[in-house]
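Please read the structure below before turning to the comments.
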Amino acid sequence: MEYNDFLMSAAKSVETSDKMFLSAFGVRKEKICENVIISPGWNPERIFNMDKVKEVVKSSPLFGFKVWNIPFGDLEITYVKTGYGAPMVLDAVLLLGTTKCKNILFLSSVGALSEKFKIGDIVIPKYCICGDGASRYIGSEKFLPDVFGEKVYPDNRALNLLTNVTEKCCCEVNTKWHSGETFCTDTIVAQYRYIEDIIKSGCNSIDMESAVFFKSAKLSGMSAAALMQVSDNAVLNKSLFTDNISKEEKAYRRYVRDKIISEIIKNYFN
């Protein structure tokens with residue numbers, strides 16, 4: 001399947017394509033940088049000093065995307081907050097493929113499915129398993145092919161670079177990071193019925209968007225990797241729905257997010 005198949009199906013001309021992007025993002029394509037961070041739920045102030053950050057779009061007309069441009073030494077990075085769920089990330093990445101974006105980093109929380117993963121630890125997926133419906137729309141030439149259970153991968157060069165940078169940054173401050181084998185689901189509540197099956201399939205983590213992110217970024221011709229942080233752990237009964245995550249765990253998570261993840265991102269893009 002070719003990226004232009006999607007583009008021409010939705011927009012029969014360049015002019016229409018430009019209008020689609022403006023409606024979805026609330027800004028013209030020229031404002032998007034070559035390096036982009038995309039996050040379903042994190043605002044940039046979680047990891048960046050906001051003094052020099054430029055808010056480009058507070059809430060886009062069609063999807064409610066939020067967009068910032070962040071100066072990074074000699075670079076400028078576009079930061080996009082899409083909202084949660086695979087369909088939001090899929091549409092954002094497919095439309096970003098019409099811009100000058102070349103390198104895209106997915107930044108988000110991830111649920112752990114292993115006792116080795118502690119709250120606040122860093123996870124870099126080496127592959128993700130499609131358990132979301134949105135991936136079916138970009139699975140093949142056929143209408144709604146069943147890609148459920150298919151493995152998808154980040155760009156190999158981007159993965160190696162992010163892994164090396166993360167290893168160095170974490171080693172310097174004695175922080176743990178893990179290689180992720182991540183299952184992607186459309187639901188937080190209903191996933192618990194299948195947690196044991198998901199673990200038996202070999203997965204050590206779970207999220208909602210990373211599979212469609214890798215699949216759509218590859219289709220759009222972008223170099224892509226994902227940097228995630230453990231927010232909860234089903235096997236340790238550390239749930240998002242209960243208040244059984246300790247103050248110490250929350251403090252450690254904030255420390256890793258504020259100090260280490262920001263350093264990883266700086267080194268990764270530079």
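Ligands are numbered from 1 in the order shown, residues from 1 within each chain, and chains are lettered A, B, ... in the order they appear in the structure tokens.
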For the contact check between region 39-136 of chain A and region 146-156 of chain A, emit one row per residue of region 39-136 of chain A within 9 Å, containing the shortest atom pair and the distance in Å rounded to one decimal, counting only C-alpha atoms, chain then rising number order, as a Markdown table.
```
| residue | atom | partner | partner_atom | distance |
| --- | --- | --- | --- | --- |
| A:Pro125 | CA | A:Pro154 | CA | 7.9 |
| A:Lys126 | CA | A:Tyr153 | CA | 6.4 |
| A:Tyr127 | CA | A:Tyr153 | CA | 4.6 |
| A:Cys128 | CA | A:Val152 | CA | 5.3 |
| A:Ile129 | CA | A:Lys151 | CA | 4.5 |
| A:Cys130 | CA | A:Gly149 | CA | 5.1 |
| A:Gly131 | CA | A:Phe148 | CA | 5.4 |
| A:Asp132 | CA | A:Phe148 | CA | 7.2 |
| A:Gly133 | CA | A:Phe148 | CA | 7.9 |
| A:Ser135 | CA | A:Val147 | CA | 7.1 |
| A:Arg136 | CA | A:Val147 | CA | 5.9 |
```
Next on the checklist: Going by DSSP on the backbone, which residues of region 53-248 of chain A come out as alpha helix (DSSP H)? List them as a ChimeraX atom specification.
Outcome noted: /A:86-96,156-173,195-200,210-219,247-248
Next on the checklist: Can you pull out every residue from region 107-210 of chain A that DSSP, working from the backbone, puts in strand (DSSP E), and format the result as a PyMOL selection string?
Outcome noted: chain A and resi 107-112+122-131+151-152+177-185+205-207
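Taking only C-alpha atoms into account, Gly97 (chain A) lies nearest to A:Glu34 out of the set A:Glu115, A:Glu248, A:Asp121, A:Glu34.
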Checklist entry - Of the candidates A:Ser216, A:Asn69, A:Asn204, A:Thr98, which shows the shortest atom-to-atom distance to Tyr137 (chain A), using only C-alpha atoms? => result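 Distance minimum relative to Tyr137 (chain A) lands on A:Ser216.
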Item to check | Leu113 (chain A) surroundings by only C-alpha atoms, 6 Å radius, close-in-sequence under 3 positions cut, as a count of residues only | outcome: 5
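You can rank A:Val27, A:Ile138, A:Cys33, A:Cys101 by their closest distance to Ile70 (chain A) using only C-alpha atoms, and at the top of that list sits A:Cys33.
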Item to check | Within 6 Å of region 40-50 of chain A using only C-alpha atoms, minus same-chain residues under 3 positions, as a ChimeraX atom specification | outcome: /A:53,81-84,258,262
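Considering the residues A:Phe65, A:Phe117, A:Leu94, A:Ala86 and counting only C-alpha atoms, Met208 (chain A) has its shortest atom-to-atom contact with A:Ala86.
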Item to check | Residue contacts of Ser108 (chain A) (10 Å, only C-alpha atoms) excluding same-chain residues fewer than 3 positions away, as JSON, numbers by chain | outcome: {"A": [38, 39, 40, 41, 42, 84, 105, 123, 207, 208, 209, 210, 226, 227, 228, 229, 230, 231]}
